[in-house]
Structures are given as structure tokens and as C-alpha cells.
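One structure below.
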Amino acid sequence: MKRQVNLNEISDGGLYGSNDLVEVTCNGCKGKASCCHGMGSSIILDPYDIYRLTSNLNLTFEGLLTDRLELNLVDGIILPNLKMKGAQEQCSFLNEEGKCSIHGSRPGICRIFPLGRIYENHSFQYFLQVNECVNTSRTKVKVSNWIDTKDLEKNEKFLVDWHYFLNAAEEAVKGAGDEKTVKNINMFLLNLFYLMKYEPDRDFYLQFYERLQKGKELLGLR
């Protein structure tokens, strides 16, 4: 999801890499998981998020769609997002105590919060969102430790390639000219990257790039 914002208004003005220190730790979530409420459809999931959830929870993508995830149109492309529920609009993965029940498998957007990503020149950097967490007592931690993702270098390359592929898919949809073609593109991509089960005993990134090549062939990309 693209956000048209002024970084000077929402961040501390810095840009960070995975080896930098940044004030993000919430010291035991004194914000009481406020960031897990009222997020609407904004917590969009990428293929690695789905791989992690389906593998660790032993569920299919379709199973997650029954009550934990939903599909929405994002810049012309159908993508899954975390579902909010109840009067408090809380994440469907919060338990009765209001804590994350999938912390070890939580999506990438949740892992980096309150950081965001800004993409430029086929790369990205992290920035600190200063108004997103109600807890003002924070301490510094290394970005890579905060994100806590295995093979972070591979993951960051995947994120860049996925981001720019989605940009290309968005342009393809805009130029499709008719609803049938748009639907066919969306259904192909949804099946290719989400519905088709990832093999838990094979490297995710190998599987992703095999599928990415098929996606690029569909869109006529090199």
C-alpha cells in the first residue's frame, strides 16, 4: 500500500539500515497493543508472511481466510490483509489477554513497527514513525534485532523485488483496458503467490523466485 506522506511530519527525520540503532523497543508493550487495534485493512501480507503463517500454524491460506484474513483491492491488485474484528476492531490474532498469539510468526509489517520502509532506486531504508505508538518510553535497539527475521539479507532482497513487481502489476492492470483481463491477472497472481501452498521443507526464497519468474512472464517483464 502506497502512502503519500511527508516524512518530516511523521518521522524523526532519520533513515536507517539493518545495522543501525533506533529507539523502537516498547519495554514490554506499555502501549498495551494499541497498534493492534483499528488498523482497518492496512496490514497487508506478502507471500513470506503467508508462508510463515501457514507453515507454523499448519493451516492453508483458505483456512486463514475463514476468520483471520481478508482480501481487498490495493492499488488495483487483490492482496490479503489481517482482519480486524469486534467492537474494538482488534487484530484477529490477539488472544483473550489482548496479546499476540502468533508473535513468532507475526507479519513483516508488525515486526518492523513503529518503523516503516521507504523505497527508492530499487532498494529501501527504514524510518521511525514517531506518532504511531502511544508508549513514549522507548530504548534503542539494532534494527536487525528488532525485526528478528531469519536470513534478513535475503528477506530484504525479497521485499524489494516483491515491491517493484507489485508496481509493475499495478501498471499492467491500469493498462489492461477491460475488466476480464484485470480479473484474469489478479486471479493468476493470487493463485501463484498465495493460494498455491509453499513447501515447508524447501527454501521459501527459491520457491518465491520460481513463481516470480512466472509472474514476470505473464506481465511481459524481463
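Ligands are numbered from 1 in the order shown, chains are lettered A, B, ... in the order of the C-alpha cells, and residues start at 1 in each chain.
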Could you list, with a cut-off of 12 Å and counting only C-alpha atoms, the residues of region 66-156 of chain A near region 198-214 of chain A, each shown with its nearest atom pair and the distance in Å rounded to one decimal, rows sorted by chain and ascending number, as a Markdown table?
| residue | atom | partner | partner_atom | distance |
| --- | --- | --- | --- | --- |
| A:Lys150 | CA | A:Phe204 | CA | 11.5 |
| A:Asp151 | CA | A:Tyr205 | CA | 10.1 |
| A:Leu152 | CA | A:Tyr205 | CA | 11.6 |
| A:Glu153 | CA | A:Tyr205 | CA | 11.4 |
| A:Lys154 | CA | A:Tyr205 | CA | 7.6 |
| A:Asn155 | CA | A:Tyr205 | CA | 8.1 |
| A:Glu156 | CA | A:Tyr205 | CA | 11.1 |
Next, dump the selected residues to file, keeping only C-alpha atoms, as a compact mmCIF listing (two decimals), in the first residue's frame.
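Full text of again_10.txt as output:
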# COMPACT_ATOMS: atom_id res chain seq x y z
CA LYS A 150 15.91 -15.25 9.73
CA ASP A 151 18.15 -14.58 6.70
CA LEU A 152 17.40 -10.86 6.86
CA GLU A 153 19.57 -10.03 3.85
CA LYS A 154 17.59 -12.49 1.71
CA ASN A 155 14.37 -11.17 3.17
CA GLU A 156 15.21 -7.57 2.36
| Contacts of Cys35 (chain A) at 10 Å (only C-alpha atoms; same-chain gap of 4+ positions) as a ChimeraX atom specification | /A:29,31,39,90-91,110,113-114,132-134
Using C-alpha atoms, can you write the selected residues to a file as a PDB file, in the first residue's frame?
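out.pdb, freshly written:
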ATOM      1  CA  CYS A  29       4.475  -3.068  25.246  1.00  0.00           C
ATOM      2  CA  GLY A  31       1.283   0.826  24.742  1.00  0.00           C
ATOM      3  CA  MET A  39      -5.903  -0.802  11.618  1.00  0.00           C
ATOM      4  CA  GLN A  90      -8.769  -5.679  17.221  1.00  0.00           C
ATOM      5  CA  CYS A  91      -6.476  -7.933  15.238  1.00  0.00           C
ATOM      6  CA  CYS A 110       4.103  -5.987  12.618  1.00  0.00           C
ATOM      7  CA  PHE A 113       6.560  -1.367  13.721  1.00  0.00           C
ATOM      8  CA  PRO A 114       6.970   1.503  14.584  1.00  0.00           C
ATOM      9  CA  GLU A 132       2.205   5.711  15.892  1.00  0.00           C
ATOM     10  CA  CYS A 133       2.872   4.203  19.348  1.00  0.00           C
ATOM     11  CA  VAL A 134       1.222   5.646  22.478  1.00  0.00           C
TER      12      VAL A 134
END
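Every protein or nucleic acid residue with an atom no more than 9 Å from region 173-175 of chain A, counting only C-alpha atoms and leaving out same-chain residues fewer than 5 positions away, appears here: Gly76, Ile77, Ala168, Thr181, Val182, Lys183, Ile185 and Asn186 of chain A.
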| task | Write out as a list in words the residues lying within 7 Å of Gln129 (chain A), counting only C-alpha atoms and excluding same-chain residues fewer than 4 positions away. | result | Ile10, Ser11, Pro114, Leu115 and Gly116 of chain A
| field | Spatial neighbours of region 189-192 of chain A, max dist 8 Å, only C-alpha atoms, sep filter under 2 positions, as a list of chain:residue names | value |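 Within the cut-off, the hits are A:Ile78, A:Leu79, A:Ile185, A:Asn186, A:Met187, A:Tyr194, A:Leu195, A:Met196, A:Arg211, A:Gly215.
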| In terms of the shortest atom-to-atom distance over only C-alpha atoms, which of A:Ile50, A:Met84, A:Ala176, A:Leu57 is closest to Gly108 (chain A)? |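 For Gly108 (chain A), the nearest of the given residues is A:Ile50.
Ranking A:Ile112, A:Leu65, A:Leu218, A:Val24 by their shortest atom-to-atom distance to Thr149 (chain A), with only C-alpha atoms included, puts A:Ile112 first.
We find CA of Phe193 (chain A) and CA of Pro47 (chain A) to be spaced 5.9 Å apart.
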| request: Measuring atom to atom with only C-alpha atoms, identify which of A:Leu69, A:Pro80, A:Asn131, A:Asp75 is nearest to Asn167 (chain A). | output: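 Once distances to Asn167 (chain A) are computed over only C-alpha atoms, the minimum belongs to A:Asp75.
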| request: Would you mind writing down, as a ChimeraX atom specification, each residue of region 119-214 of chain A that DSSP on the backbone assigns to strand (DSSP E)? | output: /A:119-120,123-128,139-142
Deliver the residues from the most recent selection as a file, using N, CA and C atoms, as a PDB file, in the first residue's frame.
ATOM      1  N   TYR A 119      10.993   3.192  -0.228  1.00  0.00           N
ATOM      2  CA  TYR A 119      11.654   2.543  -1.369  1.00  0.00           C
ATOM      3  C   TYR A 119      12.139   3.585  -2.362  1.00  0.00           C
ATOM      4  N   GLU A 120      13.404   3.454  -2.747  1.00  0.00           N
ATOM      5  CA  GLU A 120      13.993   4.311  -3.775  1.00  0.00           C
ATOM      6  C   GLU A 120      15.120   3.553  -4.463  1.00  0.00           C
ATOM      7  N   SER A 123      15.789  -0.192  -3.889  1.00  0.00           N
ATOM      8  CA  SER A 123      16.267  -0.507  -2.549  1.00  0.00           C
ATOM      9  C   SER A 123      15.302   0.143  -1.560  1.00  0.00           C
ATOM     10  N   PHE A 124      15.548  -0.024  -0.267  1.00  0.00           N
ATOM     11  CA  PHE A 124      14.738   0.687   0.706  1.00  0.00           C
ATOM     12  C   PHE A 124      15.543   0.947   1.968  1.00  0.00           C
ATOM     13  N   GLN A 125      15.058   1.904   2.743  1.00  0.00           N
ATOM     14  CA  GLN A 125      15.590   2.191   4.069  1.00  0.00           C
ATOM     15  C   GLN A 125      14.425   2.266   5.034  1.00  0.00           C
ATOM     16  N   TYR A 126      14.738   2.100   6.295  1.00  0.00           N
ATOM     17  CA  TYR A 126      13.719   2.190   7.333  1.00  0.00           C
ATOM     18  C   TYR A 126      13.634   3.618   7.872  1.00  0.00           C
ATOM     19  N   PHE A 127      12.450   4.017   8.308  1.00  0.00           N
ATOM     20  CA  PHE A 127      12.298   5.292   9.009  1.00  0.00           C
ATOM     21  C   PHE A 127      11.446   5.054  10.253  1.00  0.00           C
ATOM     22  N   LEU A 128      11.640   5.890  11.257  1.00  0.00           N
ATOM     23  CA  LEU A 128      10.921   5.741  12.523  1.00  0.00           C
ATOM     24  C   LEU A 128       9.676   6.603  12.539  1.00  0.00           C
ATOM     25  N   THR A 139      13.607   2.546  24.196  1.00  0.00           N
ATOM     26  CA  THR A 139      15.065   2.445  24.232  1.00  0.00           C
ATOM     27  C   THR A 139      15.559   1.997  22.864  1.00  0.00           C
ATOM     28  N   LYS A 140      16.865   2.185  22.644  1.00  0.00           N
ATOM     29  CA  LYS A 140      17.442   1.875  21.352  1.00  0.00           C
ATOM     30  C   LYS A 140      17.764   0.382  21.202  1.00  0.00           C
ATOM     31  N   VAL A 141      17.639  -0.096  20.004  1.00  0.00           N
ATOM     32  CA  VAL A 141      17.991  -1.467  19.679  1.00  0.00           C
ATOM     33  C   VAL A 141      18.435  -1.504  18.219  1.00  0.00           C
ATOM     34  N   LYS A 142      19.253  -2.465  17.878  1.00  0.00           N
ATOM     35  CA  LYS A 142      19.687  -2.638  16.499  1.00  0.00           C
ATOM     36  C   LYS A 142      18.501  -3.056  15.644  1.00  0.00           C
TER      37      LYS A 142
END
Contacts of Phe165 (chain A) within 10 Å, only C-alpha atoms, excl. fewer than 3 positions in-chain, as a short mmCIF file (atom, residue, chain, number, x, y, z; two decimals) with all heavy atoms, in the first residue's frame:
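What landed in out_0.cif:
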data_model
loop_
_atom_site.label_atom_id
_atom_site.label_comp_id
_atom_site.auth_asym_id
_atom_site.auth_seq_id
_atom_site.Cartn_x
_atom_site.Cartn_y
_atom_site.Cartn_z
N LEU A 159 11.82 -8.41 -0.31
CA LEU A 159 10.89 -7.30 -0.14
C LEU A 159 11.02 -6.28 -1.27
O LEU A 159 10.02 -5.76 -1.77
CB LEU A 159 11.13 -6.62 1.21
CG LEU A 159 10.69 -7.40 2.45
CD1 LEU A 159 11.22 -6.74 3.72
CD2 LEU A 159 9.17 -7.52 2.50
N VAL A 160 12.25 -5.99 -1.67
CA VAL A 160 12.48 -5.06 -2.77
C VAL A 160 11.90 -5.62 -4.07
O VAL A 160 11.15 -4.94 -4.79
CB VAL A 160 13.99 -4.78 -2.94
CG1 VAL A 160 14.26 -4.05 -4.26
CG2 VAL A 160 14.50 -3.95 -1.78
N ASP A 161 12.20 -6.87 -4.37
CA ASP A 161 11.72 -7.48 -5.62
C ASP A 161 10.20 -7.59 -5.64
O ASP A 161 9.57 -7.37 -6.68
CB ASP A 161 12.37 -8.85 -5.82
CG ASP A 161 13.86 -8.75 -6.12
OD1 ASP A 161 14.30 -7.70 -6.62
OD2 ASP A 161 14.59 -9.72 -5.84
N TRP A 162 9.61 -7.91 -4.50
CA TRP A 162 8.15 -8.00 -4.41
C TRP A 162 7.52 -6.63 -4.59
O TRP A 162 6.53 -6.47 -5.30
CB TRP A 162 7.75 -8.61 -3.07
CG TRP A 162 6.28 -8.72 -2.84
CD1 TRP A 162 5.56 -8.13 -1.83
CD2 TRP A 162 5.32 -9.50 -3.58
NE1 TRP A 162 4.23 -8.46 -1.92
CE2 TRP A 162 4.05 -9.31 -2.98
CE3 TRP A 162 5.42 -10.32 -4.70
CZ2 TRP A 162 2.90 -9.91 -3.47
CZ3 TRP A 162 4.27 -10.92 -5.19
CH2 TRP A 162 3.03 -10.71 -4.58
N ALA A 168 4.81 -3.07 -11.02
CA ALA A 168 4.64 -3.45 -12.42
C ALA A 168 3.27 -4.06 -12.66
O ALA A 168 2.62 -3.80 -13.69
CB ALA A 168 5.74 -4.43 -12.83
N ALA A 169 2.80 -4.87 -11.71
CA ALA A 169 1.48 -5.47 -11.83
C ALA A 169 0.38 -4.40 -11.81
O ALA A 169 -0.60 -4.48 -12.56
CB ALA A 169 1.26 -6.48 -10.70
N GLU A 170 0.58 -3.41 -10.97
CA GLU A 170 -0.38 -2.30 -10.91
C GLU A 170 -0.46 -1.57 -12.25
O GLU A 170 -1.57 -1.25 -12.73
CB GLU A 170 0.04 -1.32 -9.81
CG GLU A 170 -0.86 -0.10 -9.71
CD GLU A 170 -0.33 0.94 -8.74
OE1 GLU A 170 0.56 0.61 -7.94
OE2 GLU A 170 -0.79 2.09 -8.83
N GLU A 171 0.69 -1.33 -12.87
CA GLU A 171 0.70 -0.67 -14.17
C GLU A 171 0.04 -1.54 -15.23
O GLU A 171 -0.66 -1.04 -16.12
CB GLU A 171 2.14 -0.33 -14.57
CG GLU A 171 2.78 0.75 -13.72
CD GLU A 171 1.98 2.04 -13.70
OE1 GLU A 171 1.57 2.49 -14.79
OE2 GLU A 171 1.76 2.60 -12.61
N LEU A 212 8.03 -15.90 -9.10
CA LEU A 212 8.19 -14.54 -9.60
C LEU A 212 8.49 -14.54 -11.09
O LEU A 212 7.99 -13.69 -11.84
CB LEU A 212 9.32 -13.83 -8.84
CG LEU A 212 9.55 -12.36 -9.20
CD1 LEU A 212 8.35 -11.51 -8.81
CD2 LEU A 212 10.81 -11.83 -8.50
N GLY A 215 5.34 -14.93 -12.86
CA GLY A 215 4.59 -13.69 -12.81
C GLY A 215 5.11 -12.67 -13.80
O GLY A 215 4.34 -11.96 -14.46
N LYS A 216 6.42 -12.58 -13.91
CA LYS A 216 7.03 -11.64 -14.86
C LYS A 216 6.70 -12.04 -16.30
O LYS A 216 6.46 -11.16 -17.15
CB LYS A 216 8.54 -11.60 -14.66
CG LYS A 216 8.98 -10.86 -13.41
CD LYS A 216 10.50 -10.82 -13.31
CE LYS A 216 10.96 -9.99 -12.13
NZ LYS A 216 12.44 -9.91 -12.04
N LEU A 219 3.28 -10.81 -17.15
CA LEU A 219 3.20 -9.36 -17.34
C LEU A 219 4.11 -8.87 -18.46
O LEU A 219 4.14 -7.68 -18.75
CB LEU A 219 3.57 -8.64 -16.03
CG LEU A 219 2.68 -8.94 -14.82
CD1 LEU A 219 3.16 -8.15 -13.62
CD2 LEU A 219 1.23 -8.65 -15.12
N LEU A 221 7.45 -8.98 -18.43
CA LEU A 221 8.63 -8.33 -17.86
C LEU A 221 9.87 -9.20 -18.03
O LEU A 221 9.77 -10.42 -18.13
CB LEU A 221 8.41 -8.06 -16.36
CG LEU A 221 7.17 -7.26 -15.99
CD1 LEU A 221 7.01 -7.19 -14.48
CD2 LEU A 221 7.24 -5.86 -16.56
#
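The smallest atom-to-atom distance between Gly38 (chain A) and any of A:Lys85, A:Lys180, A:Lys157, A:Arg68, using only C-alpha atoms, is found for A:Lys85.
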